[in-house]
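Reading through the structure tokens given below for one structure.
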Number of protein chains: 2
Amino acid sequence: MNQVINTLLAHRSIRKFKDEKVTEEQISLIVKSAQAASTSSNIQAYSIIGISDEKTKETLAHLAGDQSYVANNGIFLVFCADLYRHEIIAQKEKVDFSTTLDSTEKFMVATIDASLAAQNAAIAAESLGLGVCYIGGLRNNLHEVSDLLNTPKRVVPLFGLAIGYPAHQPDVKPRLATTAVYHENRYNQSISKTEQDIANYDQKMTEYYESRNSNKRVDTWSKQIVKKLTTPTRMYIKKFLSDKHFPLK
Amino acid sequence: MNQVINTLLAHRSIRKFKDEKVTEEQISLIVKSAQAASTSSNIQAYSIIGISDEKTKETLAHLAGDQSYVANNGIFLVFCADLYRHEIIAQKEKVDFSTTLDSTEKFMVATIDASLAAQNAAIAAESLGLGVCYIGGLRNNLHEVSDLLNTPKRVVPLFGLAIGYPAHQPDVKPRLATTAVYHENRYNQSISKTEQDIANYDQKMTEYYESRNSNKRVDTWSKQIVKKLTTPTRMYIKKFLSDKHFPLK
């Protein structure tokens with residue numbers, strides 16, 4: 001173990017921040033850390049929009065499903081898949097990238113690039129004593145988010161990252177057993193093994209919810225997943241991507 | 001600055017590893033670190049396949065475009081978007097998740113989840129004195145990779161991560177200026193500003209390639225991007241995803 005791994009293992013999502021801004025210097029370190037992440041063939045197919053304007057944050061908080069911590073934090077970063085710069089290169093150099101930029105592959109590249117950068121940002125922030133919370137809720141209303149943030153074609157806001165000084169200390173949430181997500185040399189498709197993994201985790205989560213400091217409840221992972229996945233949400237995303245010149249060909 | 005941020009900023013891709021295995025204990029720390037990353041509503045929609053078998057590694061190295069470091073490393077991890085466990089829950093609980101699991105949204109969730117986990121793994125490895133290299137080349141031949149690794153429907157191998165003791169110390173590659181990827185409050189669509197950002201980076205990369213310790217060459221980022229994006233690659237991916245029950249609806 002070392003300080004880095006301690007930081008990684010101590011992660012919990014922070015949903016209540018002190019009323020204290022993150023400094024320009026901290027933001028700079030966080031963004032530089034994000035940029036140091038690996039990127040597919042150095043394509044750097046992402047952008048970060050840092051939201052400090054209170055009104056913009058409040059609108060985003062509403063669009064993300066009225067999550068107060070989207071507005072009340074030290075800084076709010078929006079991570080975008082971004083092939084706009086590459087489009088500008090194509091225009092300047094009078095070449096045609098459209099087949100490539102329209103592909104599912106390049107959407108994956110941009111989404112993965114943005115995610116690797118975001119996780120570096122999250123870790124850098126946590127190492128500075130800040131807390132973070134990823135906000136997938138931005139994808140509830142991407143057309144509106146895109147209008148608000150002025151993102152052009154070939155750019156997709158993927159998720160937000162609320163950053164600030166923690167005003168609470170939630171417990172670390174247990175995960176699936178390592179043996180459930182880690183396979184040696186070949187994927188183990190066994191249904192009975194997978195069902196047992198899920199049952200074990202249900203048991204662990206039941207104990208966690210019974211014992212945790214706040215917001216105790218009776219629940220299992222399976223029940224949460226059933227609740228979550230029986231209700232289709234964000235089914236317009238394919239259309240949004242197409243509108244933004246990500247036709248996923 | 002601190003040890004964590006120093007680790008993040010010191011990242012370079014390692015493509016030559018010493019002939020030394022990564023230990024079980026190290027792998028366990030790396031995988032536990034991966035699992036500590038944020039996951040959308042705790043869905044944990046990813047899996048990791050750890051490849052230690054030499055023959056499997058050699059086949060993967062060939063499938064990834066004959067990249068030797070896919071075979072010659074301390075351990076090779078394959079990160080997969082994974083909704084298979086969720087499918088098993090649906091069967092067990094006799095509910096229907098198909099609309100949800102078929103959606104573009106859930107493919108994004110799984111891809112982002114896997115990427116956040118992977119970046120935690122990369123950082124944990126680097127903090128242990130190991131080097132890493134992401135291998136997008138797995139996507140050259142996903143049908144074959146999937147057959148080799150026995151991945152079921154609702155699972156997509158996204159990329160690999162070669163891990164091992166570094167046998168070289170490449171320079172840290174410069175990135176686009178922070179002002180090129182970071183926008184304040186609203187995305188700056190200015191074409192002239194973007195062209196200037198690209199020109200500045202071309203200049204920086206020219207200087208980097210002229211000055212670096214090994215593999216000196218004359219090149220710019222724009223030229224690399226033109227070369228890369230005028231040649232469509234991996235256009236079969238949409239079909240692979242559909243074959244694996246990711247129809248991106």
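Ligands are numbered from 1 in the order shown, residues from 1 within each chain, and chains are lettered A, B, ... in the order they appear in the structure tokens.
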What are the DSSP helix (DSSP H, G or I) residues of region 31-227 of chain A, as a ChimeraX atom specification?
/A:31-35,40-42,54-63,68-71,84-93,98-101,104-127,136-140,142-149,178-181,191-211,221-227
Just asking: which residues within region 5-243 of chain B are strand (DSSP E) according to DSSP, as an NGL selection string?
:B and (46-51 or 75-82 or 131-135 or 155-164 or 182-184)
For the residues in the current selection, export N, CA, C and O atoms as a short mmCIF file (atom, residue, chain, number, x, y, z; two decimals), in the first residue's frame.
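Wrote it out as part_18.cif, contents follow:
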data_model
loop_
_atom_site.label_atom_id
_atom_site.label_comp_id
_atom_site.auth_asym_id
_atom_site.auth_seq_id
_atom_site.Cartn_x
_atom_site.Cartn_y
_atom_site.Cartn_z
N TYR B 46 -18.84 -3.54 -15.72
CA TYR B 46 -17.57 -3.86 -16.39
C TYR B 46 -17.00 -5.13 -15.78
O TYR B 46 -17.37 -5.53 -14.67
N SER B 47 -16.10 -5.74 -16.53
CA SER B 47 -15.31 -6.85 -16.01
C SER B 47 -13.87 -6.70 -16.46
O SER B 47 -13.59 -5.95 -17.41
N ILE B 48 -13.00 -7.39 -15.77
CA ILE B 48 -11.57 -7.37 -16.10
C ILE B 48 -11.14 -8.82 -16.32
O ILE B 48 -11.43 -9.68 -15.48
N ILE B 49 -10.48 -9.08 -17.43
CA ILE B 49 -9.91 -10.41 -17.66
C ILE B 49 -8.40 -10.26 -17.58
O ILE B 49 -7.79 -9.51 -18.33
N GLY B 50 -7.81 -10.94 -16.62
CA GLY B 50 -6.35 -10.88 -16.43
C GLY B 50 -5.69 -12.02 -17.19
O GLY B 50 -5.99 -13.17 -16.94
N ILE B 51 -4.80 -11.68 -18.13
CA ILE B 51 -4.19 -12.70 -18.98
C ILE B 51 -2.75 -12.93 -18.53
O ILE B 51 -1.89 -12.05 -18.66
N ILE B 75 1.70 -8.65 -16.62
CA ILE B 75 0.30 -9.13 -16.65
C ILE B 75 -0.43 -8.27 -17.68
O ILE B 75 -0.09 -7.10 -17.88
N PHE B 76 -1.41 -8.87 -18.34
CA PHE B 76 -2.17 -8.11 -19.33
C PHE B 76 -3.65 -8.14 -18.92
O PHE B 76 -4.24 -9.21 -18.79
N LEU B 77 -4.19 -6.96 -18.70
CA LEU B 77 -5.60 -6.88 -18.29
C LEU B 77 -6.46 -6.44 -19.47
O LEU B 77 -6.09 -5.52 -20.20
N VAL B 78 -7.60 -7.09 -19.64
CA VAL B 78 -8.56 -6.69 -20.67
C VAL B 78 -9.79 -6.12 -19.96
O VAL B 78 -10.40 -6.81 -19.13
N PHE B 79 -10.12 -4.87 -20.25
CA PHE B 79 -11.28 -4.23 -19.63
C PHE B 79 -12.47 -4.35 -20.58
O PHE B 79 -12.38 -4.01 -21.75
N CYS B 80 -13.58 -4.82 -20.02
CA CYS B 80 -14.78 -5.06 -20.82
C CYS B 80 -15.96 -4.27 -20.29
O CYS B 80 -16.18 -4.22 -19.08
N ALA B 81 -16.73 -3.68 -21.20
CA ALA B 81 -18.07 -3.22 -20.85
C ALA B 81 -18.90 -4.48 -20.61
O ALA B 81 -18.82 -5.42 -21.40
N ASP B 82 -19.67 -4.52 -19.54
CA ASP B 82 -20.28 -5.79 -19.14
C ASP B 82 -21.66 -5.60 -18.53
O ASP B 82 -21.79 -5.07 -17.41
N GLY B 131 4.98 0.05 -14.99
CA GLY B 131 4.59 0.88 -16.12
C GLY B 131 3.38 0.27 -16.81
O GLY B 131 3.09 -0.92 -16.63
N VAL B 132 2.67 1.08 -17.58
CA VAL B 132 1.46 0.58 -18.25
C VAL B 132 1.41 1.08 -19.69
O VAL B 132 2.00 2.10 -20.03
N CYS B 133 0.66 0.35 -20.50
CA CYS B 133 0.33 0.84 -21.84
C CYS B 133 -1.08 0.38 -22.20
O CYS B 133 -1.37 -0.83 -22.16
N TYR B 134 -1.94 1.33 -22.52
CA TYR B 134 -3.29 0.97 -23.00
C TYR B 134 -3.18 0.41 -24.41
O TYR B 134 -2.40 0.92 -25.22
N ILE B 135 -3.98 -0.62 -24.69
CA ILE B 135 -3.93 -1.27 -25.99
C ILE B 135 -5.32 -1.21 -26.65
O ILE B 135 -6.17 -2.08 -26.44
N VAL B 155 -21.27 -8.37 -23.39
CA VAL B 155 -19.91 -8.05 -22.94
C VAL B 155 -19.07 -7.64 -24.15
O VAL B 155 -19.10 -8.32 -25.18
N VAL B 156 -18.35 -6.53 -24.03
CA VAL B 156 -17.48 -6.03 -25.11
C VAL B 156 -16.08 -5.76 -24.56
O VAL B 156 -15.92 -4.88 -23.70
N PRO B 157 -15.08 -6.48 -25.03
CA PRO B 157 -13.71 -6.11 -24.68
C PRO B 157 -13.40 -4.73 -25.29
O PRO B 157 -13.52 -4.55 -26.51
N LEU B 158 -13.07 -3.75 -24.45
CA LEU B 158 -12.89 -2.38 -24.94
C LEU B 158 -11.42 -2.09 -25.28
O LEU B 158 -11.12 -1.47 -26.29
N PHE B 159 -10.54 -2.49 -24.39
CA PHE B 159 -9.10 -2.23 -24.57
C PHE B 159 -8.34 -3.06 -23.57
O PHE B 159 -8.92 -3.58 -22.60
N GLY B 160 -7.04 -3.17 -23.81
CA GLY B 160 -6.18 -3.87 -22.86
C GLY B 160 -5.32 -2.90 -22.09
O GLY B 160 -5.23 -1.70 -22.42
N LEU B 161 -4.70 -3.41 -21.04
CA LEU B 161 -3.73 -2.63 -20.27
C LEU B 161 -2.55 -3.56 -19.98
O LEU B 161 -2.67 -4.50 -19.20
N ALA B 162 -1.44 -3.30 -20.68
CA ALA B 162 -0.21 -4.06 -20.42
C ALA B 162 0.47 -3.45 -19.20
O ALA B 162 0.59 -2.23 -19.11
N ILE B 163 0.86 -4.30 -18.26
CA ILE B 163 1.47 -3.83 -17.01
C ILE B 163 2.76 -4.61 -16.76
O ILE B 163 2.80 -5.83 -16.96
N GLY B 164 3.78 -3.94 -16.31
CA GLY B 164 5.01 -4.64 -15.97
C GLY B 164 6.09 -3.67 -15.51
O GLY B 164 5.86 -2.45 -15.46
N TYR B 182 -9.64 23.20 -22.02
CA TYR B 182 -10.44 23.66 -20.89
C TYR B 182 -11.20 24.93 -21.26
O TYR B 182 -10.59 25.92 -21.68
N HIS B 183 -12.51 24.90 -21.10
CA HIS B 183 -13.37 26.04 -21.43
C HIS B 183 -14.00 26.55 -20.14
O HIS B 183 -14.39 25.75 -19.30
N GLU B 184 -14.15 27.85 -20.03
CA GLU B 184 -14.78 28.39 -18.82
C GLU B 184 -16.24 28.75 -19.06
O GLU B 184 -16.55 29.64 -19.85
#
Work out how far apart CA of Leu116 (chain B) and CA of Ser211 (chain A) are and give it in Å to one decimal.
27.9 Å
Got a sec: who's within 10 Å of Asn188 (chain A), counting only C-alpha atoms, leaving out chain neighbours fewer than 3 positions off, as a ChimeraX atom specification?
/A:180-185,191,193-194 /B:49,149-152
When you count only C-alpha atoms, which of these residues is closest to Gln119 (chain B): A:Val218, A:Ala37, A:Leu29, A:Leu9?
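Between A:Val218, A:Ala37, A:Leu29, A:Leu9, the residue approaching Gln119 (chain B) most closely is A:Ala37.
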With only C-alpha atoms as the atoms that count, which of A:Ile27, A:Ile225, A:Met205, A:Leu83 lies nearest to chain B?
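For chain B, the nearest of the given residues is A:Ile225.
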Env of Pro247 (chain A): 10 Å cut, atoms = only C-alpha atoms, seq-sep filter 6 positions within chain, self excluded. Answer as number ranges by chain.
A: 101-104, 107, 154, 238-241
Restricted to C-alpha atoms, what would the selected residues look like written as a PDB file, in the first residue's frame?
ATOM      1  CA  LEU A 101     -15.505  10.749 -37.345  1.00  0.00           C
ATOM      2  CA  ASP A 102     -18.968   9.260 -38.001  1.00  0.00           C
ATOM      3  CA  SER A 103     -17.887   5.814 -36.813  1.00  0.00           C
ATOM      4  CA  THR A 104     -18.923   4.007 -33.647  1.00  0.00           C
ATOM      5  CA  PHE A 107     -17.276   7.692 -30.520  1.00  0.00           C
ATOM      6  CA  ARG A 154     -18.919  16.501 -32.794  1.00  0.00           C
ATOM      7  CA  LYS A 238     -29.150   7.975 -29.882  1.00  0.00           C
ATOM      8  CA  LYS A 239     -31.066  10.862 -31.482  1.00  0.00           C
ATOM      9  CA  PHE A 240     -29.005  13.444 -29.588  1.00  0.00           C
ATOM     10  CA  LEU A 241     -25.775  11.813 -30.731  1.00  0.00           C
TER      11      LEU A 241
END
In Å, with one decimal, what is the gap from CA of Thr231 (chain B) to CA of His86 (chain A)?
13.7 Å
